[in-house]
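Below is start.cif, which holds mmCIF, C-alpha atoms.
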```
data_query
#
loop_
_atom_site.label_atom_id
_atom_site.label_comp_id
_atom_site.auth_asym_id
_atom_site.auth_seq_id
_atom_site.Cartn_x
_atom_site.Cartn_y
_atom_site.Cartn_z
CA MET Z 1 53.56 85.41 102.91
CA SER Z 2 54.78 88.78 104.06
CA PHE Z 3 53.03 92.06 103.29
CA GLU Z 4 55.42 93.92 105.59
CA GLY Z 5 59.01 95.08 105.69
CA ARG Z 6 61.36 97.58 107.30
CA SER Z 7 61.10 99.81 104.25
CA ARG Z 8 58.78 100.22 101.30
CA GLN Z 9 61.36 98.49 99.12
CA GLN Z 10 61.78 95.59 101.51
CA ALA Z 11 58.04 95.04 101.80
CA GLY Z 12 57.58 95.17 98.03
CA GLN Z 13 60.50 92.88 97.34
CA ALA Z 14 59.30 90.32 99.89
CA LEU Z 15 55.88 90.13 98.26
CA ARG Z 16 57.45 90.04 94.80
CA ASP Z 17 59.69 87.15 95.88
CA HIS Z 18 56.80 85.23 97.37
CA LEU Z 19 54.57 85.61 94.30
CA THR Z 20 57.41 84.88 91.88
CA THR Z 21 58.17 81.66 93.78
CA LEU Z 22 54.48 80.76 93.80
CA LEU Z 23 54.22 81.32 90.06
CA ALA Z 24 57.39 79.30 89.46
CA HIS Z 25 55.76 76.29 91.19
CA THR Z 26 52.44 76.70 89.40
CA LEU Z 27 52.31 78.50 86.05
CA THR Z 28 55.43 80.28 84.85
CA HIS Z 29 59.10 80.86 85.57
CA LYS Z 30 58.77 84.45 84.40
CA PRO Z 31 59.60 86.66 87.41
CA LEU Z 32 57.50 89.55 88.65
CA ILE Z 33 59.25 92.91 88.92
CA ALA Z 34 58.57 95.34 91.77
CA THR Z 35 58.64 98.94 90.56
CA PHE Z 36 58.96 101.84 92.98
CA ALA Z 37 58.53 105.50 92.10
CA GLY Z 38 59.41 108.57 94.06
CA PRO Z 39 56.18 110.57 93.73
CA THR Z 40 54.01 108.21 95.76
CA PRO Z 41 54.63 105.48 98.36
CA THR Z 42 53.49 102.78 95.97
CA VAL Z 43 54.75 99.40 94.80
CA PHE Z 44 53.77 98.06 91.36
CA LEU Z 45 54.17 94.35 90.66
CA SER Z 46 54.12 93.23 87.02
CA PHE Z 47 55.98 91.22 84.42
CA ARG Z 48 58.60 93.29 82.59
CA ASP Z 49 61.32 92.55 80.06
CA GLY Z 50 64.07 95.16 80.12
CA GLY Z 51 61.66 97.73 81.50
CA GLN Z 52 58.96 96.99 78.95
CA PRO Z 53 55.57 95.73 80.12
CA SER Z 54 55.23 92.04 79.43
CA ARG Z 55 53.02 89.00 79.91
CA ALA Z 56 53.63 85.31 80.59
CA GLU Z 57 52.68 82.90 77.85
CA LEU Z 58 50.66 79.90 79.04
CA HIS Z 59 49.87 76.75 77.11
CA THR Z 60 46.21 76.04 77.74
CA ARG Z 61 44.05 73.27 76.30
CA PHE Z 62 42.44 75.97 74.16
CA GLY Z 63 45.75 77.20 72.78
CA PRO Z 64 48.40 79.67 73.94
CA MET Z 65 47.28 82.56 76.12
CA ASP Z 66 49.14 85.49 77.67
CA LEU Z 67 48.72 86.23 81.37
CA PHE Z 68 49.04 89.84 82.53
CA VAL Z 69 49.50 90.54 86.23
CA GLY Z 70 49.32 94.04 87.65
CA GLN Z 71 49.12 94.74 91.37
CA LEU Z 72 49.52 98.20 92.90
CA TYR Z 73 50.04 98.64 96.63
CA ASP Z 74 50.32 101.55 98.97
CA ALA Z 75 53.20 101.09 101.43
CA VAL Z 76 51.96 102.51 104.71
CA ALA Z 77 54.21 103.09 107.73
CA VAL Z 78 52.40 101.39 110.61
CA ASP Z 79 55.16 102.15 113.12
CA ARG Z 80 58.76 103.38 113.11
CA SER Z 81 60.21 100.27 111.54
CA THR Z 82 57.36 98.60 109.69
CA TYR Z 83 55.80 99.30 106.31
CA GLN Z 84 52.65 97.43 105.38
CA LEU Z 85 51.38 96.88 101.83
CA ARG Z 86 47.75 97.73 101.18
CA PRO Z 87 46.23 96.97 97.77
CA ILE Z 88 45.15 99.92 95.65
CA GLU Z 89 44.27 98.17 92.40
CA TYR Z 90 44.79 94.89 90.60
CA GLN Z 91 44.26 93.65 87.09
CA TYR Z 92 44.69 90.11 85.79
CA THR Z 93 44.04 89.38 82.14
CA LEU Z 94 44.12 86.37 79.86
CA THR Z 95 44.61 87.12 76.17
CA PRO Z 96 44.59 84.41 73.50
CA VAL Z 97 47.85 84.81 71.58
CA GLY Z 98 47.12 86.81 68.45
CA SER Z 99 44.16 88.68 69.98
CA SER Z 100 44.36 92.43 70.41
CA GLU Z 101 42.23 92.45 73.55
CA PRO Z 102 42.05 90.28 76.66
CA LEU Z 103 39.29 87.68 76.65
CA LEU Z 104 39.00 87.85 80.44
CA ARG Z 105 39.90 90.83 82.61
CA TRP Z 106 39.54 90.75 86.40
CA GLU Z 107 39.93 94.17 88.02
CA PHE Z 108 39.75 96.00 91.28
CA VAL Z 109 39.52 99.72 90.68
CA SER Z 110 40.02 101.98 93.67
CA THR Z 111 39.42 105.30 91.95
CA GLN Z 112 36.43 105.52 89.67
CA PRO Z 113 35.69 108.21 87.10
CA THR Z 114 33.33 110.93 88.31
CA HIS Z 115 29.72 109.70 88.67
CA ALA Z 116 30.69 106.04 88.12
CA ARG Z 117 28.80 103.72 90.46
CA TRP Z 118 29.68 100.28 89.10
CA CYS Z 119 31.16 97.42 91.12
CA GLN Z 120 34.80 98.09 91.83
CA HIS Z 121 35.66 94.36 91.76
CA HIS Z 122 34.50 93.08 88.40
CA LEU Z 123 35.10 90.84 85.41
CA GLN Z 124 35.00 92.10 81.81
CA GLY Z 125 35.80 90.84 78.34
CA PRO Z 126 34.65 91.01 74.70
CA ILE Z 127 32.10 88.28 75.32
CA PRO Z 128 28.53 88.58 73.99
CA LEU Z 129 25.75 87.94 76.51
CA ARG Z 130 22.07 87.49 75.77
CA LEU Z 131 20.01 89.22 78.43
CA GLY Z 132 16.30 88.61 77.99
CA ASP Z 133 14.93 89.37 74.55
CA ALA Z 134 17.24 92.28 73.95
CA ALA Z 135 20.09 92.15 71.50
CA SER Z 136 23.25 90.76 73.00
CA VAL Z 137 25.45 93.02 75.05
CA GLN Z 138 29.16 92.71 75.57
CA LEU Z 139 30.55 91.72 78.95
CA ASN Z 140 32.84 94.71 78.40
CA ASP Z 141 29.76 96.96 78.71
CA LEU Z 142 28.91 95.55 82.15
CA HIS Z 143 30.82 95.28 85.41
CA LEU Z 144 30.09 91.73 86.50
CA PRO Z 145 30.68 91.65 90.26
CA THR Z 146 33.29 89.21 91.49
CA GLY Z 147 34.28 90.12 95.03
CA TRP Z 148 37.98 90.19 95.74
CA VAL Z 149 39.84 87.97 93.24
CA LEU Z 150 43.21 86.68 94.41
CA LEU Z 151 46.06 86.01 92.01
CA GLU Z 152 46.08 82.53 93.52
CA GLU Z 153 42.53 81.97 92.25
CA VAL Z 154 43.41 83.11 88.74
CA VAL Z 155 46.36 80.70 88.78
CA ARG Z 156 44.04 77.91 89.95
CA PHE Z 157 41.59 78.74 87.13
CA CYS Z 158 44.41 78.50 84.60
CA ILE Z 159 45.45 75.06 85.84
CA VAL Z 160 42.08 73.47 86.59
CA ASP Z 161 39.82 75.00 83.95
CA LEU Z 162 42.21 75.98 81.18
CA GLY Z 163 44.40 72.90 81.53
CA VAL Z 164 47.77 74.57 82.01
CA GLN Z 165 50.28 71.95 83.17
CA PRO Z 166 51.28 72.84 86.75
CA LEU Z 167 55.01 73.26 87.34
CA SER Z 168 55.16 71.25 90.57
CA ALA Z 169 53.39 68.37 92.26
CA ASP Z 170 52.44 70.47 95.28
CA TRP Z 171 50.85 73.33 93.32
CA ASP Z 172 47.47 72.87 95.02
CA SER Z 173 48.77 73.08 98.60
CA ARG Z 174 50.99 76.04 97.70
CA LEU Z 175 48.04 77.93 96.26
CA ARG Z 176 45.86 77.11 99.27
CA ALA Z 177 48.50 78.27 101.75
CA SER Z 178 49.20 81.47 99.87
CA ALA Z 179 45.52 82.28 99.43
CA ARG Z 180 44.92 81.69 103.16
CA SER Z 181 47.71 84.10 104.01
CA THR Z 182 46.50 86.75 101.57
CA ARG Z 183 42.91 86.56 102.85
CA SER Z 184 44.16 86.87 106.42
CA HIS Z 185 46.08 90.00 105.49
CA LEU Z 186 43.13 91.52 103.67
CA ALA Z 187 40.87 90.82 106.64
CA SER Z 188 43.32 92.55 108.97
CA LEU Z 189 43.08 95.84 107.13
CA SER Z 190 40.47 97.61 109.18
CA GLU Z 191 39.43 100.22 106.63
CA TRP Z 192 38.04 97.53 104.37
CA MET R 1 50.35 89.62 71.21
CA GLN R 2 53.34 91.50 72.58
CA SER R 3 53.78 95.16 71.68
CA ALA R 4 56.62 96.44 69.55
CA ALA R 5 59.76 97.22 71.54
CA LEU R 6 59.71 100.57 73.28
CA GLN R 7 62.83 102.72 73.38
CA ILE R 8 63.25 102.98 77.13
CA PRO R 9 66.42 104.78 78.27
CA ASP R 10 68.92 102.66 80.21
CA ASP R 11 68.71 104.79 83.34
CA ILE R 12 64.97 104.17 83.54
CA VAL R 13 65.39 100.42 83.03
CA ARG R 14 68.03 100.32 85.77
CA ALA R 15 65.83 102.34 88.12
CA MET R 16 62.92 99.97 87.51
CA GLU R 17 64.93 96.82 88.03
CA CYS R 18 66.99 97.75 91.06
CA GLY R 19 66.02 101.10 92.44
CA GLU R 20 63.33 103.70 92.33
CA LEU R 21 62.01 105.84 89.50
CA SER R 22 62.23 109.56 90.04
CA ARG R 23 59.19 111.66 89.20
CA ASP R 24 60.84 112.77 85.95
CA GLN R 25 61.70 109.18 85.00
CA LEU R 26 58.15 108.04 85.71
CA ARG R 27 56.76 110.87 83.58
CA GLU R 28 59.19 109.96 80.79
CA LEU R 29 58.14 106.30 80.92
CA ILE R 30 54.47 107.33 80.73
CA ARG R 31 55.28 109.60 77.77
CA ILE R 32 57.11 106.80 75.93
CA GLU R 33 54.31 104.29 76.45
CA ALA R 34 51.64 106.89 75.60
CA GLU R 35 53.34 107.83 72.32
CA SER R 36 53.57 104.16 71.37
CA ILE R 37 49.77 104.09 71.22
CA GLY R 38 49.41 107.52 69.65
CA LEU R 39 48.67 109.57 72.75
CA SER R 40 50.38 112.54 74.35
CA PHE R 41 51.39 112.46 78.00
CA ASP R 42 48.42 114.61 79.00
CA GLU R 43 45.98 112.52 76.97
CA ALA R 44 47.26 109.32 78.54
CA VAL R 45 46.93 110.71 82.06
CA GLU R 46 43.39 111.94 81.40
CA ARG R 47 42.33 108.70 79.73
CA ALA R 48 43.88 106.65 82.53
CA ARG R 49 41.84 108.59 85.07
CA GLN R 50 38.68 108.25 83.00
CA ARG R 51 39.43 104.57 82.37
CA THR R 52 39.27 104.96 78.60
CA LEU R 53 42.71 103.65 77.71
CA PRO R 54 42.79 100.72 75.26
CA ASN R 55 42.32 97.23 76.70
CA SER R 56 45.85 96.26 75.76
CA LEU R 57 49.16 95.51 77.43
CA ILE R 58 50.31 99.12 77.13
CA GLY R 59 46.91 100.45 78.19
CA SER R 60 46.96 98.32 81.32
CA ASP R 61 50.52 99.30 82.20
CA LEU R 62 49.82 102.98 81.63
CA ARG R 63 46.89 102.88 84.03
CA PHE R 64 49.14 101.64 86.83
CA LEU R 65 51.98 104.06 86.00
CA VAL R 66 49.58 107.02 86.09
CA LEU R 67 48.31 105.86 89.47
CA MET R 68 51.93 105.82 90.69
CA LEU R 69 52.26 109.41 89.58
CA GLY R 70 49.60 110.48 92.07
CA ASP R 71 47.57 113.69 91.69
#
```

Show me this structure written as C-alpha coordinates.
Amino acid sequence: MSFEGRSRQQAGQALRDHLTTLLAHTLTHKPLIATFAGPTPTVFLSFRDGGQPSRAELHTRFGPMDLFVGQLYDAVAVDRSTYQLRPIEYQYTLTPVGSSEPLLRWEFVSTQPTHARWCQHHLQGPIPLRLGDAASVQLNDLHLPTGWVLLEEVVRFCIVDLGVQPLSADWDSRLRASARSTRSHLASLSEW
Amino acid sequence: MQSAALQIPDDIVRAMECGELSRDQLRELIRIEAESIGLSFDEAVERARQRTLPNSLIGSDLRFLVLMLGD
(Lines of atoms letter the chains of each structure in order from A and count residues from 1; the text may use other names and numbers.)
(Lines give C-alpha, C1' and ligand atoms only; values in the text may rest on other atoms or scores of the structure.)
Protein backbone atom coordinates (compact mmCIF):
# COMPACT_ATOMS: atom_id res chain seq x y z
CA MET A 1 0.00 0.00 0.00
CA SER A 2 1.26 3.45 -0.81
CA PHE A 3 0.93 6.44 1.50
CA GLU A 4 3.09 8.53 -0.83
CA GLY A 5 2.87 10.26 -4.18
CA ARG A 6 4.39 13.01 -6.29
CA SER A 7 1.57 15.33 -5.32
CA ARG A 8 -1.07 15.53 -2.62
CA GLN A 9 -3.64 14.37 -5.15
CA GLN A 10 -1.54 11.44 -6.31
CA ALA A 11 -0.88 10.27 -2.76
CA GLY A 12 -4.55 10.54 -1.83
CA GLN A 13 -5.73 8.80 -4.97
CA ALA A 14 -3.26 5.94 -4.49
CA LEU A 15 -4.51 5.29 -0.98
CA ARG A 16 -8.13 5.65 -2.10
CA ASP A 17 -7.52 3.11 -4.89
CA HIS A 18 -5.87 0.66 -2.53
CA LEU A 19 -8.63 0.84 0.09
CA THR A 20 -11.40 0.73 -2.51
CA THR A 21 -9.85 -2.43 -3.98
CA LEU A 22 -9.48 -3.92 -0.51
CA LEU A 23 -13.12 -3.19 0.28
CA ALA A 24 -14.22 -4.64 -3.06
CA HIS A 25 -12.55 -7.96 -2.14
CA THR A 26 -13.92 -8.00 1.40
CA LEU A 27 -17.09 -6.06 2.21
CA THR A 28 -18.49 -3.73 -0.42
CA HIS A 29 -18.14 -2.60 -4.02
CA LYS A 30 -18.99 0.95 -3.00
CA PRO A 31 -15.94 3.09 -3.83
CA LEU A 32 -14.26 5.52 -1.48
CA ILE A 33 -13.94 9.11 -2.71
CA ALA A 34 -10.85 11.23 -2.01
CA THR A 35 -11.79 14.85 -1.37
CA PHE A 36 -9.21 17.63 -1.52
CA ALA A 37 -9.76 21.20 -0.43
CA GLY A 38 -7.68 24.27 -1.06
CA PRO A 39 -7.50 25.72 2.46
CA THR A 40 -5.42 22.93 3.97
CA PRO A 41 -3.12 20.19 2.62
CA THR A 42 -5.57 17.49 3.61
CA VAL A 43 -7.12 14.43 2.00
CA PHE A 44 -10.51 13.15 3.17
CA LEU A 45 -11.54 9.59 2.29
CA SER A 46 -15.22 8.69 2.61
CA PHE A 47 -18.15 7.16 0.79
CA ARG A 48 -20.11 9.73 -1.23
CA ASP A 49 -22.98 9.59 -3.71
CA GLY A 50 -23.03 12.60 -6.00
CA GLY A 51 -21.20 14.66 -3.41
CA GLN A 52 -23.48 13.64 -0.56
CA PRO A 53 -22.04 11.78 2.42
CA SER A 54 -22.96 8.13 2.26
CA ARG A 55 -22.46 4.75 3.89
CA ALA A 56 -22.13 1.18 2.65
CA GLU A 57 -24.93 -1.21 3.53
CA LEU A 58 -23.75 -4.55 4.90
CA HIS A 59 -25.81 -7.68 5.42
CA THR A 60 -24.83 -9.01 8.83
CA ARG A 61 -26.23 -12.01 10.69
CA PHE A 62 -27.97 -9.49 12.94
CA GLY A 63 -29.61 -7.66 10.06
CA PRO A 64 -28.57 -4.86 7.71
CA MET A 65 -26.07 -2.32 8.98
CA ASP A 66 -24.51 0.78 7.42
CA LEU A 67 -20.75 1.24 7.50
CA PHE A 68 -19.36 4.77 7.61
CA VAL A 69 -15.69 5.33 6.81
CA GLY A 70 -14.00 8.67 7.36
CA GLN A 71 -10.24 9.12 7.21
CA LEU A 72 -8.51 12.50 7.17
CA TYR A 73 -4.84 12.81 6.28
CA ASP A 74 -2.33 15.59 6.17
CA ALA A 75 -0.25 15.47 2.97
CA VAL A 76 3.24 16.48 4.00
CA ALA A 77 6.03 17.25 1.52
CA VAL A 78 8.96 15.11 2.67
CA ASP A 79 11.19 16.17 -0.22
CA ARG A 80 10.88 17.97 -3.56
CA SER A 81 8.92 15.23 -5.27
CA THR A 82 7.29 13.22 -2.51
CA TYR A 83 4.17 13.85 -0.46
CA GLN A 84 3.45 11.55 2.46
CA LEU A 85 0.04 11.00 4.05
CA ARG A 86 -0.14 11.28 7.82
CA PRO A 87 -3.40 10.47 9.61
CA ILE A 88 -5.17 13.33 11.38
CA GLU A 89 -8.42 11.65 12.38
CA TYR A 90 -10.51 8.60 11.57
CA GLN A 91 -14.02 7.49 12.32
CA TYR A 92 -15.62 4.15 11.52
CA THR A 93 -19.22 3.53 12.49
CA LEU A 94 -21.72 0.71 12.22
CA THR A 95 -25.37 1.73 12.30
CA PRO A 96 -28.22 -0.78 12.23
CA VAL A 97 -30.45 0.25 9.33
CA GLY A 98 -33.33 2.28 10.75
CA SER A 99 -31.34 3.55 13.74
CA SER A 100 -30.66 7.25 14.08
CA GLU A 101 -27.31 6.75 15.79
CA PRO A 102 -24.36 4.40 15.25
CA LEU A 103 -24.26 1.39 17.54
CA LEU A 104 -20.46 1.30 17.39
CA ARG A 105 -18.18 4.26 16.71
CA TRP A 106 -14.40 3.91 16.59
CA GLU A 107 -12.57 7.24 16.54
CA PHE A 108 -9.19 8.83 16.61
CA VAL A 109 -9.48 12.49 17.48
CA SER A 110 -6.40 14.63 16.98
CA THR A 111 -7.78 17.90 18.29
CA GLN A 112 -9.70 17.76 21.54
CA PRO A 113 -11.96 20.43 22.99
CA THR A 114 -10.29 22.66 25.58
CA HIS A 115 -9.63 20.84 28.88
CA ALA A 116 -10.55 17.42 27.43
CA ARG A 117 -8.19 14.70 28.63
CA TRP A 118 -9.90 11.53 27.41
CA CYS A 119 -8.28 8.84 25.26
CA GLN A 120 -7.93 10.05 21.71
CA HIS A 121 -8.38 6.52 20.30
CA HIS A 122 -11.67 5.26 21.64
CA LEU A 123 -14.88 3.32 21.08
CA GLN A 124 -18.33 4.75 21.81
CA GLY A 125 -21.96 3.84 21.25
CA PRO A 126 -25.42 4.03 22.85
CA ILE A 127 -24.73 0.88 24.85
CA PRO A 128 -25.63 0.67 28.56
CA LEU A 129 -22.87 -0.55 30.88
CA ARG A 130 -23.23 -1.55 34.51
CA LEU A 131 -20.23 -0.34 36.47
CA GLY A 132 -20.30 -1.52 40.07
CA ASP A 133 -23.50 -0.80 41.95
CA ALA A 134 -24.13 2.48 40.21
CA ALA A 135 -26.89 2.95 37.70
CA SER A 136 -25.85 2.01 34.19
CA VAL A 137 -23.90 4.49 32.14
CA GLN A 138 -23.82 4.75 28.39
CA LEU A 139 -20.70 3.82 26.47
CA ASN A 140 -21.27 7.16 24.75
CA ASP A 141 -20.46 8.86 28.08
CA LEU A 142 -17.06 7.14 28.27
CA HIS A 143 -14.07 7.00 25.96
CA LEU A 144 -13.17 3.32 25.99
CA PRO A 145 -9.51 3.13 24.94
CA THR A 146 -8.77 1.08 21.86
CA GLY A 147 -5.30 1.93 20.60
CA TRP A 148 -5.01 2.57 16.89
CA VAL A 149 -7.86 0.83 15.03
CA LEU A 150 -7.18 0.04 11.38
CA LEU A 151 -9.92 -0.02 8.78
CA GLU A 152 -8.69 -3.52 8.03
CA GLU A 153 -9.59 -4.58 11.58
CA VAL A 154 -13.09 -3.12 11.32
CA VAL A 155 -13.56 -5.02 8.05
CA ARG A 156 -12.35 -8.21 9.75
CA PHE A 157 -14.81 -7.63 12.63
CA CYS A 158 -17.65 -7.27 10.13
CA ILE A 159 -16.79 -10.55 8.42
CA VAL A 160 -15.79 -12.72 11.39
CA ASP A 161 -18.04 -11.43 14.16
CA LEU A 162 -20.98 -9.91 12.31
CA GLY A 163 -21.11 -12.61 9.64
CA VAL A 164 -20.89 -10.44 6.54
CA GLN A 165 -20.21 -12.68 3.54
CA PRO A 166 -16.71 -11.84 2.26
CA LEU A 167 -16.51 -10.85 -1.40
CA SER A 168 -13.48 -12.99 -2.27
CA ALA A 169 -11.82 -16.22 -1.18
CA ASP A 170 -8.57 -14.47 -0.29
CA TRP A 171 -10.12 -11.80 1.95
CA ASP A 172 -8.09 -12.90 4.98
CA SER A 173 -4.67 -12.69 3.30
CA ARG A 174 -5.59 -9.36 1.69
CA LEU A 175 -6.54 -7.89 5.06
CA ARG A 176 -3.38 -9.23 6.70
CA ALA A 177 -1.12 -7.79 3.99
CA SER A 178 -2.83 -4.42 4.03
CA ALA A 179 -2.79 -4.20 7.82
CA ARG A 180 0.92 -5.09 7.86
CA SER A 181 1.64 -2.31 5.40
CA THR A 182 -0.44 0.24 7.30
CA ARG A 183 1.21 -0.61 10.63
CA SER A 184 4.63 -0.30 9.01
CA HIS A 185 3.73 3.15 7.73
CA LEU A 186 2.37 4.27 11.08
CA ALA A 187 5.52 3.04 12.82
CA SER A 188 7.68 5.01 10.40
CA LEU A 189 6.13 8.32 11.38
CA SER A 190 8.59 9.52 13.96
CA GLU A 191 6.38 12.07 15.70
CA TRP A 192 4.08 9.32 16.92
CA MET B 1 -30.74 5.41 7.68
CA GLN B 2 -29.58 7.68 4.86
CA SER B 3 -30.24 11.41 5.11
CA ALA B 4 -32.57 13.25 2.79
CA ALA B 5 -30.89 14.41 -0.41
CA LEU B 6 -28.91 17.61 -0.05
CA GLN B 7 -28.99 20.23 -2.79
CA ILE B 8 -25.30 20.34 -3.62
CA PRO B 9 -24.39 22.57 -6.59
CA ASP B 10 -22.92 20.77 -9.61
CA ASP B 11 -19.63 22.66 -9.45
CA ILE B 12 -19.06 21.43 -5.90
CA VAL B 13 -19.90 17.83 -6.84
CA ARG B 14 -17.48 18.01 -9.77
CA ALA B 15 -14.75 19.51 -7.59
CA MET B 16 -15.21 16.74 -5.03
CA GLU B 17 -15.16 13.93 -7.56
CA CYS B 18 -12.31 15.01 -9.80
CA GLY B 19 -10.59 18.08 -8.50
CA GLU B 20 -10.20 20.21 -5.44
CA LEU B 21 -12.69 22.26 -3.47
CA SER B 22 -11.91 25.93 -3.18
CA ARG B 23 -12.24 27.55 0.23
CA ASP B 24 -15.56 29.09 -0.82
CA GLN B 25 -16.87 25.75 -2.10
CA LEU B 26 -15.86 24.01 1.12
CA ARG B 27 -17.60 26.69 3.18
CA GLU B 28 -20.70 26.35 0.99
CA LEU B 29 -20.73 22.56 1.45
CA ILE B 30 -20.44 22.99 5.22
CA ARG B 31 -23.28 25.53 5.14
CA ILE B 32 -25.52 23.18 3.14
CA GLU B 33 -24.88 20.21 5.43
CA ALA B 34 -25.23 22.39 8.55
CA GLU B 35 -28.60 23.78 7.44
CA SER B 36 -29.85 20.25 6.75
CA ILE B 37 -29.57 19.57 10.49
CA GLY B 38 -30.83 22.98 11.57
CA LEU B 39 -27.52 24.70 12.23
CA SER B 40 -25.91 27.82 10.82
CA PHE B 41 -22.40 27.69 9.37
CA ASP B 42 -20.92 29.27 12.50
CA GLU B 43 -22.82 26.93 14.81
CA ALA B 44 -21.65 23.90 12.87
CA VAL B 45 -18.02 25.02 12.98
CA GLU B 46 -18.18 25.69 16.72
CA ARG B 47 -19.96 22.42 17.46
CA ALA B 48 -17.52 20.49 15.28
CA ARG B 49 -14.63 21.93 17.27
CA GLN B 50 -16.35 21.19 20.57
CA ARG B 51 -17.34 17.72 19.33
CA THR B 52 -21.02 18.29 20.02
CA LEU B 53 -22.39 17.62 16.55
CA PRO B 54 -25.05 14.88 16.32
CA ASN B 55 -23.83 11.29 16.05
CA SER B 56 -25.23 10.97 12.56
CA LEU B 57 -24.00 10.67 8.99
CA ILE B 58 -24.15 14.43 8.47
CA GLY B 59 -22.63 15.12 11.87
CA SER B 60 -19.69 12.86 11.11
CA ASP B 61 -19.15 14.35 7.67
CA LEU B 62 -19.35 17.89 8.99
CA ARG B 63 -16.65 17.19 11.56
CA PHE B 64 -14.23 16.18 8.81
CA LEU B 65 -15.18 19.07 6.51
CA VAL B 66 -14.60 21.59 9.31
CA LEU B 67 -11.19 20.04 9.97
CA MET B 68 -10.39 20.52 6.26
CA LEU B 69 -11.26 24.18 6.63
CA GLY B 70 -8.42 24.66 9.10
CA ASP B 71 -8.32 27.51 11.63

Residues of chain Z within 6 Å of chain R, only C-alpha atoms counted, as a PyMOL selection string: chain Z and resi 35-40+51+97-98+101+113

Taken to one decimal, the CA of Thr26 (chain Z)-CA of Pro166 (chain Z) distance is 4.8 Å

Excluding region 75-82 of chain Z and any residue of its chain fewer than 4 positions from it, enumerate the residues within 9 Å of it, using only C-alpha atoms, and give them as a list of chain:residue names. Z:Glu4, Z:Gly5, Z:Arg6, Z:Ser7, Z:Arg8, Z:Gln9, Z:Ala11, Z:Gly12, Z:Pro41, Z:Thr42, Z:Val43, Z:Arg86, Z:Pro87

The PyMOL selection byres ((chain Z and resi 60) around 6) on the file shown: which residues, as a list in words? His59, Arg61, Phe62, Gly63, Pro64, Leu162, Gly163 and Val164 of chain Z

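Put simply, CA of Arg156 (chain Z) is 13.6 Å away from CA of Ala169 (chain Z).
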
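Across the structure, CA of Arg180 (chain Z) and CA of Leu23 (chain Z) are spaced 16.1 Å apart.
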
Neighbouring residues of region 131-140 of chain Z were defined as those with any atom within 10 Å, considering all atoms listed in the file; residues of the same chain fewer than 6 positions away were excluded. Please report them as a ChimeraX atom specification. /Z:103-105,123-125 /R:55

For Leu58 (chain Z), list every protein, DNA or RNA residue within 8 Å, evaluated using only C-alpha atoms, and leave out those in the same chain fewer than 6 positions away; present the list as an mmCIF file with C-alpha atoms, in the coordinates of the input.
```
data_model
loop_
_atom_site.group_PDB
_atom_site.id
_atom_site.type_symbol
_atom_site.label_atom_id
_atom_site.label_comp_id
_atom_site.auth_asym_id
_atom_site.auth_seq_id
_atom_site.Cartn_x
_atom_site.Cartn_y
_atom_site.Cartn_z
ATOM 1 C CA LEU Z 27 52.310 78.500 86.050
ATOM 2 C CA THR Z 28 55.430 80.280 84.850
ATOM 3 C CA PRO Z 64 48.400 79.670 73.940
ATOM 4 C CA MET Z 65 47.280 82.560 76.120
ATOM 5 C CA ASP Z 66 49.140 85.490 77.670
ATOM 6 C CA LEU Z 67 48.720 86.230 81.370
ATOM 7 C CA VAL Z 164 47.770 74.570 82.010
#
```

Hey, what's within 12 Å of Leu32 (chain Z) if we count all atoms listed in the file and toss same-chain stuff fewer than 5 positions away? As an NGL selection string, please? (:Z and (12-24 or 43-49 or 51 or 53-56 or 67-71)) or (:R and (16-17))

Adding 8 Å on each side of the box along x, y and z that holds all listed atoms of region 119-127 of chain Z, could you give its centre and edge lengths in Å to one decimal, as lines of an AutoDock Vina configuration file?
```
center_x = 33.5
center_y = 93.2
center_z = 83.3
size_x = 20.6
size_y = 25.8
size_z = 33.1
```

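Near region 141-143 of chain Z, within 12 Å and counting all atoms listed in the file, sit Arg105, Trp106, Glu107, Phe108, Val109, Ala116, Arg117, Trp118, Cys119, Gln120, His121, His122, Leu123, Gln124, Gly125, Pro126, Ile127, Pro128, Leu129 and Leu131 of chain Z, not including residues fewer than 6 positions from it in the same chain.
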